[in-house]
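In what follows, a single structure is set out as structure tokens and then discussed.
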Amino acid sequence: MQTRLFLKKLGRVYPRRLAEAWDHVGHQAGALPPEVRRVLLCLDFDSEVLEKASSFKSDLIISHHPFFFGKPKDILAYDGHKAELLRFIEEQGLCLYSYHTNFDKASGGMNDVLAEFLGLSDVSVLPSEPTARGGYLPFAMNEEEFGRYAIERLGCHEGRLIGKCAHILRIAVLGGGGSSSWRAAKEEGYDAYISGDVSHSRRRDILGAGFCYLDVPHEIEEKGFIEGMGRAINKIDPTIEVESCYFELDELKHPIVVD
């Protein structure tokens, strides 16, 4: 498929207008190829992806997190590693695109996929936090049952469970660093909330409010992104070959921690 047509169609699924104002989605680096036959998906374009990008000979690399989170000139002035990666992109004739918060918020995007992983029913958008999704678990659980169920279904191997609740049935989820939106979930009547990157002070606030929150690694986004984006690409053109590059860290593979 012609690259510009492919990106136009993908842009209708994950429109730029859905991206947060602070985000830097879209074309990141490299020249657009005339056609797209192979697409490589990744959470971040970094040194972990280099070998796969070189061997797969992708026409387009789509990352979830933007390669440049700000003005490229300013970033390259102090980030030598990113400058090396950019040279690799240019030397290999690669093209890098990013769909970030526009993917997270869109129908069928990140948080719809995570809700599916969790087996939620009656899934809906949170009115006060349109990036998040809420729904019902298959059955009611206490906090430890919920924590172990969630980390197993999300495949993240680790979680920090904050607070107690003997009856958890209706939950909300926001992939990535969305811990600040826990109040929206509580105020909208959810029994528990799942997100990542919780700070010490926010953890204390959650405990003080008597709410139940499961903090999981930011990397849960990866499987959600690769699954959701892969489906969208296949729907646009099933002949496009899609490969993914997964992020693995042994230190993430720990049992759940209960506060």
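Letters for chains follow the order of the structure tokens (A, B, ...), residue numbers begin at 1 for each chain, and ligand numbers begin at 1 in the order shown.
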For the contact check between segment 82-162 of chain A and segment 63-77 of chain A, emit one row per residue of segment 82-162 of chain A within 12 Å, containing the shortest atom pair and the distance in Å rounded to one decimal, counting only C-alpha atoms, chain then rising number order, as a tab-separated table.
```
residue	atom	partner	partner_atom	distance
A:Lys82	CA	A:Leu76	CA	6.5
A:Ala83	CA	A:Leu76	CA	5.6
A:Glu84	CA	A:Leu76	CA	9.3
A:Leu85	CA	A:Phe67	CA	9.7
A:Leu86	CA	A:Leu76	CA	9.1
A:Arg87	CA	A:Leu76	CA	11.1
A:Ile89	CA	A:Phe67	CA	11.3
A:Cys95	CA	A:Ser63	CA	10.8
A:Leu96	CA	A:Ser63	CA	7.3
A:Tyr97	CA	A:Ser63	CA	6.3
A:Ser98	CA	A:Ser63	CA	4.9
A:Tyr99	CA	A:His64	CA	5.3
A:His100	CA	A:His64	CA	5.0
A:Thr101	CA	A:His64	CA	8.6
A:Asn102	CA	A:His64	CA	9.9
A:Phe103	CA	A:His64	CA	8.1
A:Asp104	CA	A:His64	CA	9.2
A:Gly109	CA	A:His64	CA	11.2
A:Met110	CA	A:His64	CA	9.9
```
Write out, as a compact mmCIF listing (two decimals), in the first residue's frame, the residues just selected, with all heavy atoms.
```txt
# COMPACT_ATOMS: atom_id res chain seq x y z
N LYS A 82 20.59 9.39 21.72
CA LYS A 82 19.50 9.60 20.76
C LYS A 82 20.06 10.06 19.42
O LYS A 82 19.52 9.68 18.36
CB LYS A 82 18.51 10.63 21.32
CG LYS A 82 17.25 10.78 20.50
CD LYS A 82 16.01 10.91 21.37
CE LYS A 82 15.63 9.64 22.07
NZ LYS A 82 14.29 9.70 22.70
N ALA A 83 21.13 10.83 19.44
CA ALA A 83 21.77 11.26 18.19
C ALA A 83 22.32 10.05 17.43
O ALA A 83 22.23 9.98 16.20
CB ALA A 83 22.88 12.25 18.49
N GLU A 84 22.88 9.08 18.16
CA GLU A 84 23.37 7.86 17.52
C GLU A 84 22.23 7.06 16.92
O GLU A 84 22.35 6.51 15.81
CB GLU A 84 24.12 7.00 18.55
CG GLU A 84 25.46 7.58 18.99
CD GLU A 84 26.15 6.69 20.01
OE1 GLU A 84 25.67 5.56 20.23
OE2 GLU A 84 27.16 7.13 20.58
N LEU A 85 21.13 6.98 17.63
CA LEU A 85 19.97 6.27 17.11
C LEU A 85 19.43 6.94 15.84
O LEU A 85 19.03 6.27 14.89
CB LEU A 85 18.87 6.21 18.17
CG LEU A 85 19.13 5.32 19.38
CD1 LEU A 85 18.05 5.54 20.43
CD2 LEU A 85 19.18 3.85 18.98
N LEU A 86 19.43 8.26 15.84
CA LEU A 86 18.97 8.99 14.66
C LEU A 86 19.87 8.71 13.46
O LEU A 86 19.39 8.53 12.34
CB LEU A 86 18.92 10.49 14.95
CG LEU A 86 18.46 11.38 13.79
CD1 LEU A 86 17.05 11.00 13.34
CD2 LEU A 86 18.51 12.85 14.18
N ARG A 87 21.19 8.65 13.69
CA ARG A 87 22.13 8.31 12.61
C ARG A 87 21.83 6.91 12.07
O ARG A 87 21.87 6.68 10.85
CB ARG A 87 23.57 8.40 13.10
CG ARG A 87 24.10 9.82 13.19
CD ARG A 87 25.61 9.84 13.34
NE ARG A 87 26.04 9.35 14.64
CZ ARG A 87 26.13 10.10 15.72
NH1 ARG A 87 25.84 11.40 15.66
NH2 ARG A 87 26.54 9.58 16.87
N ILE A 89 18.91 5.41 12.07
CA ILE A 89 17.67 5.52 11.29
C ILE A 89 17.97 6.03 9.88
O ILE A 89 17.48 5.49 8.89
CB ILE A 89 16.68 6.47 12.00
CG1 ILE A 89 16.16 5.82 13.30
CG2 ILE A 89 15.51 6.82 11.08
CD1 ILE A 89 15.37 6.78 14.17
N CYS A 95 12.06 4.72 8.64
CA CYS A 95 11.12 5.81 8.89
C CYS A 95 10.39 5.49 10.18
O CYS A 95 9.88 4.38 10.37
CB CYS A 95 10.13 5.92 7.73
SG CYS A 95 8.94 7.28 7.95
N LEU A 96 10.33 6.46 11.09
CA LEU A 96 9.78 6.25 12.42
C LEU A 96 8.57 7.15 12.65
O LEU A 96 8.63 8.36 12.46
CB LEU A 96 10.86 6.53 13.46
CG LEU A 96 10.49 6.37 14.94
CD1 LEU A 96 10.04 4.95 15.22
CD2 LEU A 96 11.70 6.72 15.81
N TYR A 97 7.47 6.53 13.09
CA TYR A 97 6.22 7.22 13.40
C TYR A 97 5.82 6.88 14.83
O TYR A 97 6.20 5.83 15.37
CB TYR A 97 5.11 6.78 12.44
CG TYR A 97 4.58 7.89 11.57
CD1 TYR A 97 5.31 8.35 10.48
CD2 TYR A 97 3.35 8.50 11.84
CE1 TYR A 97 4.81 9.38 9.68
CE2 TYR A 97 2.86 9.52 11.04
CZ TYR A 97 3.60 9.96 9.97
OH TYR A 97 3.11 10.97 9.20
N SER A 98 5.00 7.74 15.44
CA SER A 98 4.53 7.48 16.80
C SER A 98 3.04 7.78 16.92
O SER A 98 2.55 8.79 16.44
CB SER A 98 5.32 8.33 17.80
OG SER A 98 4.77 8.22 19.08
N TYR A 99 2.34 6.86 17.60
CA TYR A 99 0.94 7.07 17.99
C TYR A 99 0.90 6.84 19.49
O TYR A 99 1.06 5.72 19.96
CB TYR A 99 0.02 6.08 17.27
CG TYR A 99 -0.04 6.29 15.77
CD1 TYR A 99 0.94 5.74 14.94
CD2 TYR A 99 -1.05 7.05 15.21
CE1 TYR A 99 0.90 5.95 13.57
CE2 TYR A 99 -1.09 7.27 13.83
CZ TYR A 99 -0.11 6.71 13.02
OH TYR A 99 -0.15 6.92 11.66
N HIS A 100 0.67 7.89 20.24
CA HIS A 100 0.80 7.82 21.69
C HIS A 100 -0.55 8.04 22.37
O HIS A 100 -1.38 7.13 22.43
CB HIS A 100 1.85 8.83 22.15
CG HIS A 100 2.23 8.71 23.59
ND1 HIS A 100 2.62 9.80 24.34
CD2 HIS A 100 2.27 7.65 24.42
CE1 HIS A 100 2.89 9.40 25.57
NE2 HIS A 100 2.68 8.10 25.65
N THR A 101 -0.81 9.24 22.86
CA THR A 101 -2.07 9.47 23.57
C THR A 101 -3.27 9.43 22.63
O THR A 101 -4.40 9.19 23.08
CB THR A 101 -2.04 10.80 24.34
OG1 THR A 101 -1.65 11.87 23.46
CG2 THR A 101 -1.04 10.74 25.49
N ASN A 102 -3.07 9.67 21.34
CA ASN A 102 -4.18 9.49 20.40
C ASN A 102 -4.54 8.01 20.26
O ASN A 102 -5.72 7.67 20.11
CB ASN A 102 -3.88 10.11 19.03
CG ASN A 102 -2.54 9.71 18.46
OD1 ASN A 102 -1.61 9.33 19.18
ND2 ASN A 102 -2.40 9.82 17.15
N PHE A 103 -3.56 7.14 20.36
CA PHE A 103 -3.84 5.70 20.38
C PHE A 103 -4.51 5.29 21.69
O PHE A 103 -5.46 4.50 21.71
CB PHE A 103 -2.54 4.91 20.19
CG PHE A 103 -2.71 3.42 20.34
CD1 PHE A 103 -3.19 2.65 19.28
CD2 PHE A 103 -2.40 2.79 21.53
CE1 PHE A 103 -3.36 1.28 19.43
CE2 PHE A 103 -2.57 1.42 21.69
CZ PHE A 103 -3.05 0.67 20.62
N ASP A 104 -4.01 5.82 22.81
CA ASP A 104 -4.55 5.48 24.13
C ASP A 104 -6.04 5.80 24.24
O ASP A 104 -6.81 5.04 24.82
CB ASP A 104 -3.81 6.24 25.23
CG ASP A 104 -2.35 5.81 25.36
OD1 ASP A 104 -1.98 4.77 24.80
OD2 ASP A 104 -1.60 6.52 26.05
N GLY A 109 -8.26 1.35 20.99
CA GLY A 109 -6.87 1.64 21.31
C GLY A 109 -6.43 1.01 22.62
O GLY A 109 -6.99 0.02 23.08
N MET A 110 -5.42 1.62 23.22
CA MET A 110 -4.75 1.04 24.38
C MET A 110 -5.69 0.55 25.47
O MET A 110 -5.65 -0.61 25.89
CB MET A 110 -3.80 2.08 24.97
CG MET A 110 -3.12 1.66 26.27
SD MET A 110 -2.01 0.27 26.02
CE MET A 110 -0.74 1.11 25.05
```
What's around segment 46-59 of chain A at 7 Å? Count only C-alpha atoms, leave out sequence neighbours fewer than 5 positions away in its own chain, and write the answer as an mmCIF file with N, CA, C and O atoms, in the first residue's frame.
```cif
data_model
loop_
_atom_site.group_PDB
_atom_site.id
_atom_site.type_symbol
_atom_site.label_atom_id
_atom_site.label_comp_id
_atom_site.auth_asym_id
_atom_site.auth_seq_id
_atom_site.Cartn_x
_atom_site.Cartn_y
_atom_site.Cartn_z
ATOM 1 N N PRO A 33 8.880 6.167 2.984
ATOM 2 C CA PRO A 33 9.067 5.322 1.806
ATOM 3 C C PRO A 33 7.848 5.438 0.899
ATOM 4 O O PRO A 33 6.773 5.829 1.351
ATOM 5 N N VAL A 36 4.390 0.770 1.848
ATOM 6 C CA VAL A 36 4.541 0.046 3.109
ATOM 7 C C VAL A 36 4.197 -1.426 2.887
ATOM 8 O O VAL A 36 3.080 -1.754 2.481
ATOM 9 N N ARG A 37 5.188 -2.278 3.134
ATOM 10 C CA ARG A 37 4.969 -3.728 3.066
ATOM 11 C C ARG A 37 5.238 -4.385 4.412
ATOM 12 O O ARG A 37 4.642 -5.395 4.739
ATOM 13 N N ARG A 38 6.183 -3.795 5.170
ATOM 14 C CA ARG A 38 6.551 -4.342 6.478
ATOM 15 C C ARG A 38 6.529 -3.228 7.519
ATOM 16 O O ARG A 38 7.067 -2.144 7.293
ATOM 17 N N VAL A 39 5.901 -3.521 8.659
ATOM 18 C CA VAL A 39 5.826 -2.554 9.760
ATOM 19 C C VAL A 39 6.356 -3.220 11.029
ATOM 20 O O VAL A 39 5.955 -4.339 11.373
ATOM 21 N N LEU A 40 7.247 -2.529 11.716
ATOM 22 C CA LEU A 40 7.768 -2.989 12.997
ATOM 23 C C LEU A 40 7.136 -2.160 14.109
ATOM 24 O O LEU A 40 7.154 -0.936 14.061
ATOM 25 N N LEU A 94 15.418 4.039 7.436
ATOM 26 C CA LEU A 94 14.198 3.722 8.168
ATOM 27 C C LEU A 94 13.310 4.950 8.294
ATOM 28 O O LEU A 94 13.759 6.080 8.097
ATOM 29 N N CYS A 95 12.061 4.718 8.639
ATOM 30 C CA CYS A 95 11.117 5.806 8.890
ATOM 31 C C CYS A 95 10.387 5.493 10.181
ATOM 32 O O CYS A 95 9.878 4.382 10.371
ATOM 33 N N CYS A 245 8.572 -5.883 18.576
ATOM 34 C CA CYS A 245 9.775 -5.974 19.380
ATOM 35 C C CYS A 245 9.362 -5.783 20.828
ATOM 36 O O CYS A 245 8.958 -4.686 21.227
#
```
| What lies within 6 Å of Thr3 of chain A using only C-alpha atoms, ignoring chain neighbours under 3 positions off, as number ranges by chain? | A: 6, 34-36
Would you write out those residues with all heavy atoms, as a CSV table (one decimal), in the first residue's frame?
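This went into out.csv:
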```csv
chain,number,residue,atom,x,y,z
A,6,PHE,N,-1.7,4.7,3.5
A,6,PHE,CA,-1.7,3.9,4.7
A,6,PHE,C,-1.8,4.8,5.9
A,6,PHE,O,-2.6,4.6,6.8
A,6,PHE,CB,-0.5,3.1,4.7
A,6,PHE,CG,-0.3,2.4,6.1
A,6,PHE,CD1,-1.1,1.3,6.4
A,6,PHE,CD2,0.7,2.8,6.9
A,6,PHE,CE1,-0.9,0.6,7.6
A,6,PHE,CE2,0.9,2.2,8.2
A,6,PHE,CZ,0.1,1.1,8.5
A,34,PRO,N,8.0,5.1,-0.4
A,34,PRO,CA,6.8,5.2,-1.3
A,34,PRO,C,5.7,4.2,-0.9
A,34,PRO,O,4.5,4.5,-1.1
A,34,PRO,CB,7.4,4.9,-2.7
A,34,PRO,CG,8.7,4.2,-2.4
A,34,PRO,CD,9.2,4.8,-1.1
A,35,GLU,N,6.1,3.0,-0.4
A,35,GLU,CA,5.1,2.0,-0.1
A,35,GLU,C,5.4,1.3,1.2
A,35,GLU,O,6.6,1.4,1.7
A,35,GLU,CB,5.1,0.9,-1.2
A,35,GLU,CG,4.6,1.4,-2.5
A,35,GLU,CD,4.4,0.3,-3.5
A,35,GLU,OE1,4.7,-0.9,-3.2
A,35,GLU,OE2,3.8,0.5,-4.6
A,36,VAL,N,4.4,0.8,1.8
A,36,VAL,CA,4.5,0.0,3.1
A,36,VAL,C,4.2,-1.4,2.9
A,36,VAL,O,3.1,-1.8,2.5
A,36,VAL,CB,3.6,0.6,4.2
A,36,VAL,CG1,3.7,-0.2,5.5
A,36,VAL,CG2,4.0,2.0,4.5
```
| task | Considering only C-alpha atoms, return as a PyMOL selection string whatever protein or nucleic-acid residues lie within 12 Å of segment 130-138 of chain A, sequence-local ones (same chain, fewer than 6 positions apart) excluded. | result | chain A and resi 18-20+100-124+145-146+149-150+153+167-182+184-186+188-195
| task | Could you please determine the separation between atom CA of Glu158 of chain A and atom CA of Tyr14 of chain A in Å, to one decimal place? | result |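 Here the two named atoms are 29.5 Å from each other.
Taking atom CA of Leu10 of chain A and atom CA of Glu227 of chain A as the two end points, the separation is 14.8 Å.
Considering only C-alpha atoms, the residue among A:Leu41, A:Tyr213, A:Pro15, A:Leu60 positioned nearest to Gln28 of chain A is A:Leu60.
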| task | May I have all residues of segment 10-248 of chain A that DSSP, computed from the backbone, assigns to strand (DSSP E), given as a VMD selection string? | result | chain A and resid 26 to 29 38 to 42 60 to 63 96 to 98 121 to 126 129 to 141 160 to 162 168 to 173 192 to 195 212 to 215 241 to 245
| query | Quick one, how far is atom CA of Arg203 of chain A from atom CA of Gly147 of chain A? | reply | 15.9 Å
| query | Residues of segment 43-113 of chain A in alpha helix (DSSP H) according to DSSP, as a PyMOL selection string? | reply | chain A and resi 50-56+72-78+80-92+101-105+110-113
File of the preceding selection, C-alpha atoms, as a compact mmCIF listing (two decimals), in the first residue's frame:
```
# COMPACT_ATOMS: atom_id res chain seq x y z
CA LEU A 50 18.14 -1.86 16.66
CA GLU A 51 18.86 -5.48 15.77
CA LYS A 52 15.22 -6.23 14.95
CA ALA A 53 14.88 -3.04 12.91
CA SER A 54 17.97 -3.93 10.89
CA SER A 55 17.10 -7.60 10.25
CA PHE A 56 13.39 -7.12 9.57
CA PRO A 72 14.56 17.52 18.09
CA LYS A 73 17.30 20.15 17.93
CA ASP A 74 17.15 20.75 21.69
CA ILE A 75 17.06 17.03 22.52
CA LEU A 76 19.95 16.11 20.21
CA ALA A 77 22.09 18.88 21.74
CA TYR A 78 22.38 16.98 25.04
CA GLY A 80 24.23 11.69 22.47
CA HIS A 81 22.57 8.28 22.55
CA LYS A 82 19.50 9.60 20.76
CA ALA A 83 21.77 11.26 18.19
CA GLU A 84 23.37 7.86 17.52
CA LEU A 85 19.97 6.27 17.11
CA LEU A 86 18.97 8.99 14.66
CA ARG A 87 22.13 8.31 12.61
CA PHE A 88 21.17 4.63 12.54
CA ILE A 89 17.67 5.52 11.29
CA GLU A 90 19.08 7.68 8.52
CA GLU A 91 21.85 5.23 7.51
CA GLN A 92 19.43 2.29 7.37
CA THR A 101 -2.07 9.47 23.57
CA ASN A 102 -4.18 9.49 20.40
CA PHE A 103 -3.84 5.70 20.38
CA ASP A 104 -4.55 5.48 24.13
CA LYS A 105 -7.77 7.45 23.88
CA MET A 110 -4.75 1.04 24.38
CA ASN A 111 -7.30 1.07 27.14
CA ASP A 112 -9.96 -0.84 25.25
CA VAL A 113 -7.37 -3.57 24.66
```
| Shell around Ile162 of chain A at 8 Å using only C-alpha atoms, local window under 6 positions removed, as an MDAnalysis selection string | chainID A and resid 203 206:207 211:215 258:259
